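The file model_9.cif comes next; it holds mmCIF, C-alpha atoms (C1' of nucleotides).
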data_coords
#
loop_
_atom_site.label_atom_id
_atom_site.label_comp_id
_atom_site.auth_asym_id
_atom_site.auth_seq_id
_atom_site.Cartn_x
_atom_site.Cartn_y
_atom_site.Cartn_z
CA MET N 1 -6.52 32.92 16.34
CA PHE N 2 -4.04 31.38 18.77
CA GLY N 3 -6.51 29.70 21.08
CA ASN N 4 -6.46 26.34 19.37
CA LEU N 5 -2.70 26.30 19.06
CA ILE N 6 -2.26 26.97 22.77
CA LYS N 7 -4.77 24.27 23.57
CA TYR N 8 -2.99 21.92 21.22
CA ILE N 9 0.40 22.53 22.79
CA ASN N 10 -0.98 22.15 26.30
CA SER N 11 -2.53 18.84 25.38
CA TYR N 12 0.91 17.49 24.47
CA ILE N 13 3.01 18.71 27.38
CA SER N 14 2.90 17.95 31.07
CA THR N 15 2.70 21.49 32.53
CA PRO N 16 0.42 24.07 30.82
CA LEU N 17 2.11 27.09 29.28
CA THR N 18 2.53 30.10 31.56
CA PRO N 19 1.02 33.43 30.39
CA GLU N 20 4.54 34.56 29.50
CA GLN N 21 5.10 31.46 27.39
CA VAL N 22 1.76 31.93 25.70
CA ARG N 23 2.83 35.46 24.80
CA LEU N 24 6.06 34.07 23.36
CA VAL N 25 4.21 31.57 21.23
CA GLU N 26 1.88 34.26 19.94
CA GLU N 27 4.85 36.44 19.12
CA THR N 28 6.73 33.71 17.30
CA PHE N 29 4.14 32.17 15.00
CA THR N 30 3.21 34.13 11.92
CA PRO N 31 -0.45 34.11 10.92
CA LYS N 32 -1.00 33.69 7.21
CA LYS N 33 -4.08 33.33 5.08
CA PHE N 34 -4.06 30.92 2.13
CA ARG N 35 -6.59 31.12 -0.62
CA LYS N 36 -7.86 27.94 -2.22
CA LYS N 37 -5.11 26.38 -4.41
CA GLN N 38 -2.38 28.55 -2.90
CA TYR N 39 0.82 26.63 -2.19
CA LEU N 40 2.38 26.20 1.22
CA LEU N 41 5.14 24.14 -0.39
CA GLN N 42 6.05 23.29 -3.95
CA GLU N 43 7.98 20.28 -5.15
CA GLY N 44 11.69 21.04 -5.28
CA GLU N 45 11.60 23.66 -2.55
CA VAL N 46 12.91 23.13 0.94
CA SER N 47 10.01 23.07 3.40
CA LYS N 48 10.67 26.27 5.26
CA TYR N 49 7.53 26.33 7.36
CA THR N 50 5.53 24.07 9.53
CA ALA N 51 1.95 25.29 9.50
CA PHE N 52 -0.65 24.87 12.21
CA ILE N 53 -4.07 24.99 10.60
CA VAL N 54 -6.56 27.16 12.44
CA ARG N 55 -9.32 27.05 9.86
CA GLY N 56 -9.53 25.39 6.47
CA ALA N 57 -7.98 22.35 4.81
CA MET N 58 -4.81 21.45 2.96
CA ARG N 59 -3.52 18.48 1.03
CA GLN N 60 -0.08 17.04 0.40
CA TYR N 61 0.57 15.21 -2.85
CA THR N 62 3.09 14.09 -5.42
CA VAL N 63 2.77 14.30 -9.18
CA ASP N 64 3.95 11.30 -11.18
CA ASP N 65 5.45 11.00 -14.69
CA LYS N 66 2.01 10.97 -16.25
CA GLY N 67 0.93 14.09 -14.45
CA MET N 68 -1.31 12.21 -12.04
CA GLU N 69 -1.62 13.57 -8.52
CA HIS N 70 -1.24 11.18 -5.59
CA ILE N 71 -2.52 12.49 -2.29
CA THR N 72 -0.26 11.51 0.58
CA GLN N 73 -1.74 13.51 3.43
CA LEU N 74 -4.82 15.51 4.25
CA PHE N 75 -4.84 18.25 6.86
CA ILE N 76 -7.70 20.08 8.55
CA GLU N 77 -8.09 22.23 11.65
CA ASN N 78 -5.63 21.47 14.45
CA TRP N 79 -3.23 19.59 12.19
CA TRP N 80 0.29 20.49 11.24
CA ALA N 81 1.03 20.73 7.55
CA GLY N 82 4.54 20.50 6.18
CA ASP N 83 7.07 18.03 4.89
CA ARG N 84 8.92 17.00 7.99
CA GLU N 85 11.74 15.31 6.10
CA SER N 86 12.50 18.42 4.09
CA PHE N 87 11.97 20.70 7.09
CA ILE N 88 14.46 18.79 9.22
CA MET N 89 16.98 17.58 6.70
CA LEU N 90 16.83 20.77 4.60
CA THR N 91 16.49 18.68 1.46
CA PRO N 92 14.23 19.67 -1.47
CA SER N 93 10.78 18.25 -0.98
CA ILE N 94 9.18 15.78 -3.36
CA TYR N 95 5.76 16.92 -2.20
CA ASN N 96 3.40 19.73 -2.96
CA ILE N 97 1.18 21.13 -0.26
CA ASP N 98 -1.63 23.50 -1.13
CA ALA N 99 -4.82 24.84 0.37
CA TRP N 100 -7.89 22.87 -0.60
CA ALA N 101 -10.13 25.58 0.80
CA ASP N 102 -9.38 29.05 2.09
CA THR N 103 -7.22 28.47 5.12
CA ASP N 104 -5.92 30.37 8.14
CA ALA N 105 -2.61 29.01 9.33
CA LEU N 106 0.10 29.84 11.84
CA LEU N 107 3.59 29.46 10.40
CA MET N 108 6.79 28.57 12.19
CA THR N 109 10.31 28.24 10.75
CA ASN N 110 12.97 25.98 12.16
CA ALA N 111 14.71 29.06 13.59
CA ASP N 112 11.42 30.03 15.25
CA PHE N 113 11.22 26.60 16.76
CA LEU N 114 14.73 26.79 18.19
CA LYS N 115 14.01 30.25 19.55
CA LEU N 116 10.86 29.02 21.23
CA SER N 117 12.20 25.76 22.56
CA GLY N 118 14.82 27.57 24.65
CA PRO N 119 12.26 29.14 26.98
CA ILE N 120 9.79 26.28 26.44
CA PRO N 121 11.81 23.07 26.45
CA ALA N 122 8.60 21.09 26.64
CA LEU N 123 8.25 21.79 22.93
CA PHE N 124 10.90 19.15 22.31
CA GLU N 125 8.64 16.78 24.18
CA MET N 126 5.77 17.84 21.99
CA THR N 127 7.47 17.46 18.62
CA ARG N 128 8.94 14.18 19.76
CA LYS N 129 5.49 12.86 20.58
CA MET N 130 4.16 14.22 17.32
CA ASP N 131 6.89 12.41 15.41
CA GLU N 132 6.19 9.21 17.27
CA ARG N 133 2.50 9.43 16.56
CA SER N 134 3.00 10.27 12.92
CA TYR N 135 5.30 7.32 12.64
CA ILE N 136 2.84 4.99 14.26
CA ALA N 137 -0.06 6.27 12.16
CA THR N 138 1.96 5.92 8.97
CA GLN N 139 2.99 2.42 10.00
CA LYS N 140 -0.67 1.51 10.36
CA ARG N 141 -1.59 3.05 7.05
CA LEU N 142 1.23 1.16 5.40
CA ASN N 143 0.10 -2.09 6.91
CA ALA N 144 -3.46 -1.44 5.74
CA SER N 145 -2.35 -0.48 2.28
CA LEU N 146 -0.29 -3.63 1.87
CA ASN N 147 -2.75 -6.09 3.31
CA PHE N 148 -6.28 -4.76 3.08
CA SER N 149 -8.62 -4.38 0.14
CA ALA N 150 -9.77 -1.00 -1.10
CA GLU N 151 -13.14 -1.55 0.55
CA GLU N 152 -11.57 -2.34 3.91
CA ARG N 153 -9.34 0.71 3.72
CA TYR N 154 -12.28 2.94 2.92
CA ALA N 155 -14.29 1.51 5.79
CA ASP N 156 -11.36 2.09 8.10
CA LEU N 157 -11.00 5.68 6.98
CA ALA N 158 -14.70 6.27 7.44
CA LYS N 159 -14.31 5.01 10.99
CA THR N 160 -11.09 6.73 12.00
CA HIS N 161 -11.48 10.03 10.12
CA PRO N 162 -15.11 10.52 9.19
CA GLU N 163 -14.43 14.26 9.06
CA PHE N 164 -12.25 13.76 5.98
CA LEU N 165 -15.20 12.35 4.08
CA GLN N 166 -17.13 15.52 4.86
CA ARG N 167 -14.36 17.90 4.00
CA PHE N 168 -12.88 16.50 0.80
CA PRO N 169 -14.53 15.35 -2.43
CA GLN N 170 -14.48 11.70 -3.36
CA HIS N 171 -11.74 11.87 -5.91
CA ILE N 172 -9.40 13.29 -3.28
CA ILE N 173 -10.39 10.59 -0.80
CA ALA N 174 -9.87 7.98 -3.51
CA SER N 175 -6.39 9.24 -4.24
CA TYR N 176 -5.58 9.29 -0.53
CA LEU N 177 -6.62 5.64 -0.37
CA GLY N 178 -4.54 4.83 -3.43
CA ILE N 179 -7.50 3.93 -5.66
CA THR N 180 -9.31 5.58 -8.55
CA LYS N 181 -12.43 7.68 -8.13
CA GLU N 182 -14.39 5.11 -10.13
CA THR N 183 -13.42 2.31 -7.78
CA LEU N 184 -14.35 4.41 -4.78
CA SER N 185 -17.69 5.26 -6.33
CA ARG N 186 -18.39 1.55 -6.83
CA ILE N 187 -17.31 0.67 -3.33
CA ARG N 188 -19.69 3.25 -1.95
CA SER N 189 -22.64 2.00 -3.94
CA GLN N 190 -21.81 -1.54 -2.80
CA LEU N 191 -21.73 -0.46 0.83
CA ALA N 192 -24.98 1.48 0.43
CA LYS N 193 -26.77 -1.71 -0.59
CA LYS N 194 -25.75 -3.53 2.58
CA MET M 1 30.00 -7.83 20.73
CA PHE M 2 29.51 -4.14 21.53
CA GLY M 3 31.73 -2.71 18.83
CA ASN M 4 28.99 -2.21 16.27
CA LEU M 5 26.60 -0.74 18.80
CA ILE M 6 29.17 1.83 19.92
CA LYS M 7 29.93 2.67 16.30
CA TYR M 8 26.22 2.97 15.61
CA ILE M 9 25.63 5.33 18.52
CA ASN M 10 28.64 7.47 17.61
CA SER M 11 27.37 7.82 14.07
CA TYR M 12 24.15 9.38 15.35
CA ILE M 13 25.48 11.82 17.92
CA SER M 14 27.70 14.87 17.61
CA THR M 15 30.43 14.02 20.19
CA PRO M 16 31.74 10.44 20.34
CA LEU M 17 31.14 8.51 23.54
CA THR M 18 33.82 8.82 26.22
CA PRO M 19 35.42 5.59 27.49
CA GLU M 20 33.34 5.93 30.63
CA GLN M 21 30.15 6.24 28.59
CA VAL M 22 31.14 3.26 26.51
CA ARG M 23 31.54 1.27 29.70
CA LEU M 24 28.07 2.38 30.80
CA VAL M 25 26.53 1.28 27.52
CA GLU M 26 28.24 -2.09 27.76
CA GLU M 27 26.98 -2.47 31.29
CA THR M 28 23.41 -1.56 30.45
CA PHE M 29 22.62 -3.60 27.37
CA THR M 30 21.98 -7.29 27.90
CA PRO M 31 23.38 -9.66 25.27
CA LYS M 32 21.00 -12.40 24.30
CA LYS M 33 21.14 -15.17 21.73
CA PHE M 34 18.02 -16.07 19.76
CA ARG M 35 17.67 -19.33 17.95
CA LYS M 36 15.85 -19.43 14.64
CA LYS M 37 12.09 -18.99 15.19
CA GLN M 38 12.55 -17.76 18.75
CA TYR M 39 10.32 -14.80 19.62
CA LEU M 40 11.54 -11.39 20.66
CA LEU M 41 7.93 -10.25 20.92
CA GLN M 42 4.59 -11.99 20.62
CA GLU M 43 1.29 -10.45 19.65
CA GLY M 44 -0.58 -9.26 22.72
CA GLU M 45 2.53 -8.66 24.81
CA VAL M 46 3.91 -5.23 25.62
CA SER M 47 7.20 -4.74 23.81
CA LYS M 48 9.57 -4.74 26.74
CA TYR M 49 12.82 -4.65 24.80
CA THR M 50 14.42 -2.82 21.98
CA ALA M 51 17.02 -5.09 20.42
CA PHE M 52 20.13 -4.08 18.56
CA ILE M 53 21.05 -6.87 16.18
CA VAL M 54 24.72 -7.76 16.21
CA ARG M 55 24.50 -10.84 14.03
CA GLY M 56 21.54 -12.54 12.38
CA ALA M 57 18.13 -11.50 11.10
CA MET M 58 14.65 -10.93 12.47
CA ARG M 59 11.24 -10.24 11.03
CA GLN M 60 8.17 -8.40 12.29
CA TYR M 61 4.76 -9.55 11.13
CA THR M 62 1.06 -9.70 11.82
CA VAL M 63 -1.22 -12.69 11.43
CA ASP M 64 -4.65 -12.08 9.90
CA ASP M 65 -8.01 -13.81 10.41
CA LYS M 66 -7.13 -16.49 7.91
CA GLY M 67 -3.84 -17.26 9.59
CA MET M 68 -1.80 -15.53 6.88
CA GLU M 69 1.41 -13.81 7.95
CA HIS M 70 2.07 -10.29 6.73
CA ILE M 71 5.66 -9.15 7.09
CA THR M 72 5.88 -5.52 8.16
CA GLN M 73 9.58 -5.14 8.83
CA LEU M 74 12.82 -6.98 8.27
CA PHE M 75 15.86 -6.47 10.44
CA ILE M 76 19.48 -7.48 9.96
CA GLU M 77 22.81 -6.49 11.52
CA ASN M 78 22.96 -2.97 12.90
CA TRP M 79 19.19 -2.56 12.97
CA TRP M 80 16.92 -2.11 15.95
CA ALA M 81 14.10 -4.59 16.32
CA GLY M 82 11.07 -3.86 18.46
CA ASP M 83 7.58 -2.39 18.27
CA ARG M 84 8.17 1.24 19.05
CA GLU M 85 4.50 2.00 19.58
CA SER M 86 4.12 -0.71 22.19
CA PHE M 87 7.51 0.05 23.74
CA ILE M 88 6.68 3.72 24.23
CA MET M 89 2.95 3.66 24.87
CA LEU M 90 3.07 0.42 26.89
CA THR M 91 0.19 -0.96 24.88
CA PRO M 92 -0.07 -4.61 23.80
CA SER M 93 1.58 -5.10 20.46
CA ILE M 94 -0.26 -6.30 17.38
CA TYR M 95 3.02 -7.58 15.95
CA ASN M 96 5.15 -10.66 16.32
CA ILE M 97 8.90 -10.41 16.05
CA ASP M 98 11.01 -13.53 15.77
CA ALA M 99 14.45 -14.58 14.68
CA TRP M 100 14.65 -15.67 11.06
CA ALA M 101 18.12 -17.06 11.64
CA ASP M 102 20.18 -17.57 14.76
CA THR M 103 20.72 -14.07 16.07
CA ASP M 104 22.92 -12.26 18.61
CA ALA M 105 21.20 -9.18 19.97
CA LEU M 106 21.73 -6.56 22.65
CA LEU M 107 18.59 -5.82 24.63
CA MET M 108 17.55 -2.62 26.34
CA THR M 109 14.43 -1.90 28.38
CA ASN M 110 12.80 1.48 28.68
CA ALA M 111 14.18 1.73 32.22
CA ASP M 112 17.65 0.97 30.83
CA PHE M 113 17.20 3.75 28.34
CA LEU M 114 16.24 6.26 30.98
CA LYS M 115 19.17 5.16 33.14
CA LEU M 116 21.55 5.60 30.22
CA SER M 117 20.19 8.86 28.91
CA GLY M 118 20.93 10.61 32.20
CA PRO M 119 24.71 10.35 31.79
CA ILE M 120 24.45 10.32 27.98
CA PRO M 121 21.80 12.90 27.03
CA ALA M 122 22.87 12.61 23.41
CA LEU M 123 20.87 9.38 23.36
CA PHE M 124 17.75 11.48 23.20
CA GLU M 125 19.21 13.04 20.11
CA MET M 126 19.86 9.57 18.72
CA THR M 127 16.41 8.11 19.33
CA ARG M 128 14.86 11.26 18.05
CA LYS M 129 16.77 10.99 14.80
CA MET M 130 15.96 7.31 14.60
CA ASP M 131 12.27 8.08 14.98
CA GLU M 132 12.46 10.76 12.35
CA ARG M 133 14.18 8.45 9.92
CA SER M 134 11.81 5.59 10.57
CA TYR M 135 8.94 7.95 9.98
CA ILE M 136 10.39 9.19 6.72
CA ALA M 137 11.22 5.69 5.52
CA THR M 138 7.73 4.47 6.35
CA GLN M 139 6.23 7.48 4.60
CA LYS M 140 8.15 6.54 1.47
CA ARG M 141 7.15 2.92 1.68
CA LEU M 142 3.54 3.98 2.08
CA ASN M 143 3.73 6.23 -0.92
CA ALA M 144 5.27 3.43 -2.97
CA SER M 145 2.72 0.92 -1.83
CA LEU M 146 -0.19 3.18 -2.75
CA ASN M 147 1.07 4.37 -6.08
CA PHE M 148 3.54 1.91 -7.54
CA SER M 149 3.03 -1.49 -9.11
CA ALA M 150 4.42 -4.65 -7.55
CA GLU M 151 7.20 -4.69 -10.11
CA GLU M 152 8.23 -1.12 -9.34
CA ARG M 153 8.21 -1.82 -5.62
CA TYR M 154 10.38 -4.87 -6.08
CA ALA M 155 12.83 -2.95 -8.25
CA ASP M 156 12.97 -0.24 -5.63
CA LEU M 157 13.66 -2.72 -2.86
CA ALA M 158 16.38 -4.36 -4.93
CA LYS M 159 17.97 -0.95 -5.27
CA THR M 160 17.61 0.35 -1.73
CA HIS M 161 18.07 -2.89 0.23
CA PRO M 162 19.75 -5.47 -1.99
CA GLU M 163 21.01 -7.16 1.16
CA PHE M 164 17.44 -8.17 2.05
CA LEU M 165 17.18 -10.17 -1.14
CA GLN M 166 20.27 -12.11 -0.11
CA ARG M 167 19.18 -12.71 3.43
CA PHE M 168 15.53 -13.66 3.16
CA PRO M 169 13.75 -16.17 0.92
CA GLN M 170 11.42 -14.95 -1.77
CA HIS M 171 8.18 -15.64 0.03
CA ILE M 172 9.30 -13.39 2.87
CA ILE M 173 10.30 -10.64 0.45
CA ALA M 174 6.97 -11.04 -1.33
CA SER M 175 5.05 -10.63 1.90
CA TYR M 176 7.13 -7.59 2.82
CA LEU M 177 6.15 -6.09 -0.54
CA GLY M 178 2.50 -6.97 0.03
CA ILE M 179 2.28 -9.47 -2.82
CA THR M 180 2.13 -13.25 -3.10
CA LYS M 181 5.17 -15.41 -3.68
CA GLU M 182 3.77 -16.46 -7.07
CA THR M 183 3.50 -12.87 -8.22
CA LEU M 184 7.04 -12.17 -7.09
CA SER M 185 8.30 -15.25 -8.88
CA ARG M 186 6.66 -14.03 -12.09
CA ILE M 187 7.99 -10.52 -11.70
CA ARG M 188 11.48 -11.91 -11.32
CA SER M 189 11.23 -14.06 -14.42
CA GLN M 190 9.89 -11.02 -16.31
CA LEU M 191 12.80 -8.89 -15.16
CA ALA M 192 15.28 -11.64 -16.03
CA LYS M 193 14.14 -11.57 -19.64
CA LYS M 194 14.84 -7.86 -19.99
"C1'" DC J 1 -28.45 34.37 -15.46
"C1'" DG J 2 -25.74 31.17 -18.03
"C1'" DC J 3 -21.69 28.73 -18.93
"C1'" DA J 4 -17.63 26.21 -17.76
"C1'" DA J 5 -15.44 23.51 -14.55
"C1'" DA J 6 -15.61 20.21 -10.95
"C1'" DC J 7 -17.72 16.29 -9.28
"C1'" DG J 8 -19.82 11.81 -9.31
"C1'" DT J 9 -21.75 7.63 -11.61
"C1'" DT J 10 -22.00 3.91 -14.83
"C1'" DG J 11 -20.72 0.52 -18.52
"C1'" DA J 12 -17.41 -2.13 -21.26
"C1'" DC J 13 -13.26 -3.86 -21.29
"C1'" DA J 14 -8.09 -4.41 -19.99
"C1'" DT J 15 -4.57 -5.23 -16.71
"C1'" DT J 16 -2.76 -6.60 -12.45
"C1'" DT J 17 -2.65 -9.56 -8.89
"C1'" DG J 18 -4.48 -13.46 -6.23
"C1'" DT J 19 -5.87 -18.39 -5.65
"C1'" DC J 20 -5.30 -23.10 -6.10
"C1'" DA J 21 -2.98 -27.04 -7.57
"C1'" DA J 22 0.85 -29.52 -9.26
"C1'" DC J 23 5.51 -30.23 -9.37
"C1'" DA J 24 10.85 -29.87 -8.87
"C1'" DT J 25 14.68 -28.95 -5.99
"C1'" DC J 26 17.19 -28.66 -1.95
"C1'" DA J 27 18.25 -28.95 2.96
"C1'" DT J 28 17.28 -31.08 7.37
"C1'" DT J 29 15.89 -34.61 10.23
"C1'" DT J 30 15.16 -39.17 11.55
"C1'" DA T 1 18.60 -43.70 2.76
"C1'" DA T 2 13.99 -42.16 3.42
"C1'" DA T 3 10.96 -38.81 4.94
"C1'" DT T 4 9.81 -34.24 5.71
"C1'" DG T 5 9.52 -29.52 5.16
"C1'" DA T 6 10.92 -25.25 3.05
"C1'" DT T 7 11.50 -23.04 -1.20
"C1'" DG T 8 10.58 -21.70 -5.86
"C1'" DT T 9 8.20 -22.20 -10.44
"C1'" DT T 10 4.42 -22.73 -13.57
"C1'" DG T 11 -0.39 -23.10 -15.46
"C1'" DA T 12 -5.34 -22.22 -15.40
"C1'" DC T 13 -8.55 -19.51 -13.79
"C1'" DA T 14 -10.80 -15.89 -10.62
"C1'" DA T 15 -11.13 -11.53 -8.35
"C1'" DA T 16 -9.87 -6.81 -7.72
"C1'" DT T 17 -8.85 -2.71 -9.64
"C1'" DG T 18 -7.70 0.39 -13.48
"C1'" DT T 19 -8.75 2.70 -17.95
"C1'" DC T 20 -11.51 5.03 -21.05
"C1'" DA T 21 -15.60 7.06 -22.51
"C1'" DA T 22 -20.08 8.86 -21.87
"C1'" DC T 23 -23.22 11.28 -19.27
"C1'" DG T 24 -25.86 13.89 -15.51
"C1'" DT T 25 -25.55 16.94 -11.63
"C1'" DT T 26 -23.72 20.50 -8.90
"C1'" DT T 27 -20.86 24.47 -8.07
"C1'" DG T 28 -18.53 28.63 -8.89
"C1'" DC T 29 -18.01 32.62 -11.20
"C1'" DG T 30 -18.01 36.21 -15.04
#

Rewritten as structure tokens:
Amino acid sequence: MFGNLIKYINSYISTPLTPEQVRLVEETFTPKKFRKKQYLLQEGEVSKYTAFIVRGAMRQYTVDDKGMEHITQLFIENWWAGDRESFIMLTPSIYNIDAWADTDALLMTNADFLKLSGPIPALFEMTRKMDERSYIATQKRLNASLNFSAEERYADLAKTHPEFLQRFPQHIIASYLGITKETLSRIRSQLAKK
Amino acid sequence: MFGNLIKYINSYISTPLTPEQVRLVEETFTPKKFRKKQYLLQEGEVSKYTAFIVRGAMRQYTVDDKGMEHITQLFIENWWAGDRESFIMLTPSIYNIDAWADTDALLMTNADFLKLSGPIPALFEMTRKMDERSYIATQKRLNASLNFSAEERYADLAKTHPEFLQRFPQHIIASYLGITKETLSRIRSQLAKK
DNA sequence: CGCAAACGTTGACATTTGTCAACATCATTT
DNA sequence: AAATGATGTTGACAAATGTCAACGTTTGCG
């Protein structure tokens, strides 16, 4: 259960966790199983947990006036799910996060994080790097969304995250790209011809 | 010259800077004047400096295959200009940053930052918060760009950053919104009617 | 098994936005 | 003053994408 999390943490910090620190991590995170469609976070709540996904898949989305869902993030194994803004600022989230498939996750509260980062200060280093990377990735996605066509964005996604295309149905991918499922379907049949 | 920077730093950290720390900051940052069109960073270079803008305005943009400029960020007084990805990862930047008007800035290298953050560890706190906020702001812009119409995005910009509309011409604003200057012109005449 | 829901595709048409060209205005430079 | 370049507007048309409806296939579940 914790193997991937330990590996993940070690990959972000300069000195691997000691056995004692590993024990601490295992003690602090709370394993939780989510069934398909179960919420990790609902709009209006404060994001209490950051979840490391061990197995399964989750999605983050908003719902607009017309009841349409807009996918903002997709998460699979070895990703962290949660609304960082709400988690840090303690403000109500505008996002929903739910399990797309049955999911095993490891949950951490902000208090857990503070408790852990005392004995493992490298965790600050880790979350800092994670923030930086998220920022950079979002910056790139923004740039693509503003300046590239739907077809180019799809091609880019297929290149950078081919696993998403395997794990989520097309209408979810379409929403993530900011297009309709019909447009995505047409783009795919276009590309198939080439 | 340094007043706004000191104020800015104090607003991000829990204990105001001591006179000695203020002196250190003043010693470390390098004032530099940029004339209109002068580059702070050119595509392909590693972003050596992070610039605090005291007076003036800068823009960050990419240039595509067809030679079109796409504005990714706008900076005015009390903003930090620089490509954080390149600055941190030491990778060549894909962005250009230049002065839109004559600009007074205070420059800091990564080495400067490390030198400063020894005696002023709260700077870590500051850059961390800055990263978080940039991430959150970019996340929102991404969400808007994927799911809102050009008109809605313009209205949102007018609400959240009315100062941009005063400081930059319409074609720059249009590019920042990911639309053409003609479309923006039409949106504005639409809105004027209402 | 059998049915309902979820998923994906296709066509016709509407809407949004882009492209290209022309033109007016204003500021800057020579 | 004349020339130039930057800015902003408008019209005609094109391209990209959305909307709505119909339909076939697959999946999940009672």

Using all atoms listed in the file and a distance of at most 10 Å, pull out the residues of chain T that contact chain N, as a PDB file with C-alpha atoms (C1' of nucleotides), keeping the file's coordinate frame.
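Output file iface13.pdb is given in full below:
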ATOM      1  C1'  DA T  16      -9.870  -6.810  -7.720  1.00  0.00           C
ATOM      2  C1'  DT T  17      -8.850  -2.710  -9.640  1.00  0.00           C
ATOM      3  C1'  DG T  18      -7.700   0.390 -13.480  1.00  0.00           C
ATOM      4  C1'  DT T  19      -8.750   2.700 -17.950  1.00  0.00           C
TER       5       DT T  19
END

Expansion of the PyMOL selection byres ((chain M) within 7 of (chain N)) into residues, as a ChimeraX atom specification: /M:72,85,128,131-132,135-136,138-139,142-143,145-147,178

Emit the selected residues as an mmCIF file, keeping the file's coordinate frame, including C-alpha atoms.
data_model
loop_
_atom_site.group_PDB
_atom_site.id
_atom_site.type_symbol
_atom_site.label_atom_id
_atom_site.label_comp_id
_atom_site.auth_asym_id
_atom_site.auth_seq_id
_atom_site.Cartn_x
_atom_site.Cartn_y
_atom_site.Cartn_z
ATOM 1 C CA THR M 72 5.880 -5.520 8.160
ATOM 2 C CA GLU M 85 4.500 2.000 19.580
ATOM 3 C CA ARG M 128 14.860 11.260 18.050
ATOM 4 C CA ASP M 131 12.270 8.080 14.980
ATOM 5 C CA GLU M 132 12.460 10.760 12.350
ATOM 6 C CA TYR M 135 8.940 7.950 9.980
ATOM 7 C CA ILE M 136 10.390 9.190 6.720
ATOM 8 C CA THR M 138 7.730 4.470 6.350
ATOM 9 C CA GLN M 139 6.230 7.480 4.600
ATOM 10 C CA LEU M 142 3.540 3.980 2.080
ATOM 11 C CA ASN M 143 3.730 6.230 -0.920
ATOM 12 C CA SER M 145 2.720 0.920 -1.830
ATOM 13 C CA LEU M 146 -0.190 3.180 -2.750
ATOM 14 C CA ASN M 147 1.070 4.370 -6.080
ATOM 15 C CA GLY M 178 2.500 -6.970 0.030
#

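With all atoms listed in the file taken into account, chain N has N:Pro169, N:Gln170, N:His171, N:Lys181, N:Glu182, N:Ser185, N:Arg186 at most 9 Å from chain J.
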
For atom CA of Arg55 of chain M and atom CA of Glu77 of chain M, determine how far apart the two atoms are, in Å to one decimal place.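 Straight-line distance from atom CA of Arg55 of chain M to atom CA of Glu77 of chain M works out to 5.3 Å.
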
Find the residues near Asn96 of chain N: any atom within 6 Å, counting only C-alpha atoms (C1' of nucleotides), skip ones fewer than 4 places away on the same chain, and give them as a list of chain:residue names. N:Leu41, N:Gln42, N:Glu43, N:Gln60, N:Tyr61

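Note on the selection: in this file the PyMOL selection byres ((chain N and resi 163) around 12) comes out as Ala57, Leu74, Phe75, Ile76, Glu77, Leu157, Ala158, Lys159, Thr160, His161, Pro162, Phe164, Leu165, Gln166, Arg167, Phe168, Pro169 and Ile173 of chain N.
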
Residues of the last selection are to be written out with C-alpha atoms, as an mmCIF file, keeping the file's coordinate frame.
data_model
loop_
_atom_site.group_PDB
_atom_site.id
_atom_site.type_symbol
_atom_site.label_atom_id
_atom_site.label_comp_id
_atom_site.auth_asym_id
_atom_site.auth_seq_id
_atom_site.Cartn_x
_atom_site.Cartn_y
_atom_site.Cartn_z
ATOM 1 C CA ALA N 57 -7.980 22.350 4.810
ATOM 2 C CA LEU N 74 -4.820 15.510 4.250
ATOM 3 C CA PHE N 75 -4.840 18.250 6.860
ATOM 4 C CA ILE N 76 -7.700 20.080 8.550
ATOM 5 C CA GLU N 77 -8.090 22.230 11.650
ATOM 6 C CA LEU N 157 -11.000 5.680 6.980
ATOM 7 C CA ALA N 158 -14.700 6.270 7.440
ATOM 8 C CA LYS N 159 -14.310 5.010 10.990
ATOM 9 C CA THR N 160 -11.090 6.730 12.000
ATOM 10 C CA HIS N 161 -11.480 10.030 10.120
ATOM 11 C CA PRO N 162 -15.110 10.520 9.190
ATOM 12 C CA PHE N 164 -12.250 13.760 5.980
ATOM 13 C CA LEU N 165 -15.200 12.350 4.080
ATOM 14 C CA GLN N 166 -17.130 15.520 4.860
ATOM 15 C CA ARG N 167 -14.360 17.900 4.000
ATOM 16 C CA PHE N 168 -12.880 16.500 0.800
ATOM 17 C CA PRO N 169 -14.530 15.350 -2.430
ATOM 18 C CA ILE N 173 -10.390 10.590 -0.800
#

How many Å lie between atom CA of Arg188 of chain M and atom CA of Met68 of chain M, rounded to one decimal?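 Interatomic distance here is 22.8 Å.
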
N:Asn4, N:Gln21, N:Ser11, N:Trp79 ranked by distance to Ile120 of chain N, top pick (using all atoms listed in the file):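 Distance minimum relative to Ile120 of chain N lands on N:Gln21.
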
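The two atoms in question, atom CA of Asp102 of chain M and atom CA of Ser47 of chain M, are spaced 20.4 Å apart.
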
Nearby residues, (23.8, 1.4, 34.0) file frame, 7 Å, all atoms listed in the file, as a ChimeraX atom specification: /M:24,27-28,112,115-116

Between N:Tyr39, N:Phe2, N:Tyr12, N:Tyr154, which is the closest to Phe52 of chain N once you count all atoms listed in the file? N:Phe2

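Residues in contact range of Tyr49 of chain N, defined as at most 7 Å between all atoms listed in the file, with sequence neighbours fewer than 5 positions away removed, read Gly82, Leu107, Met108 and Thr109 of chain N.
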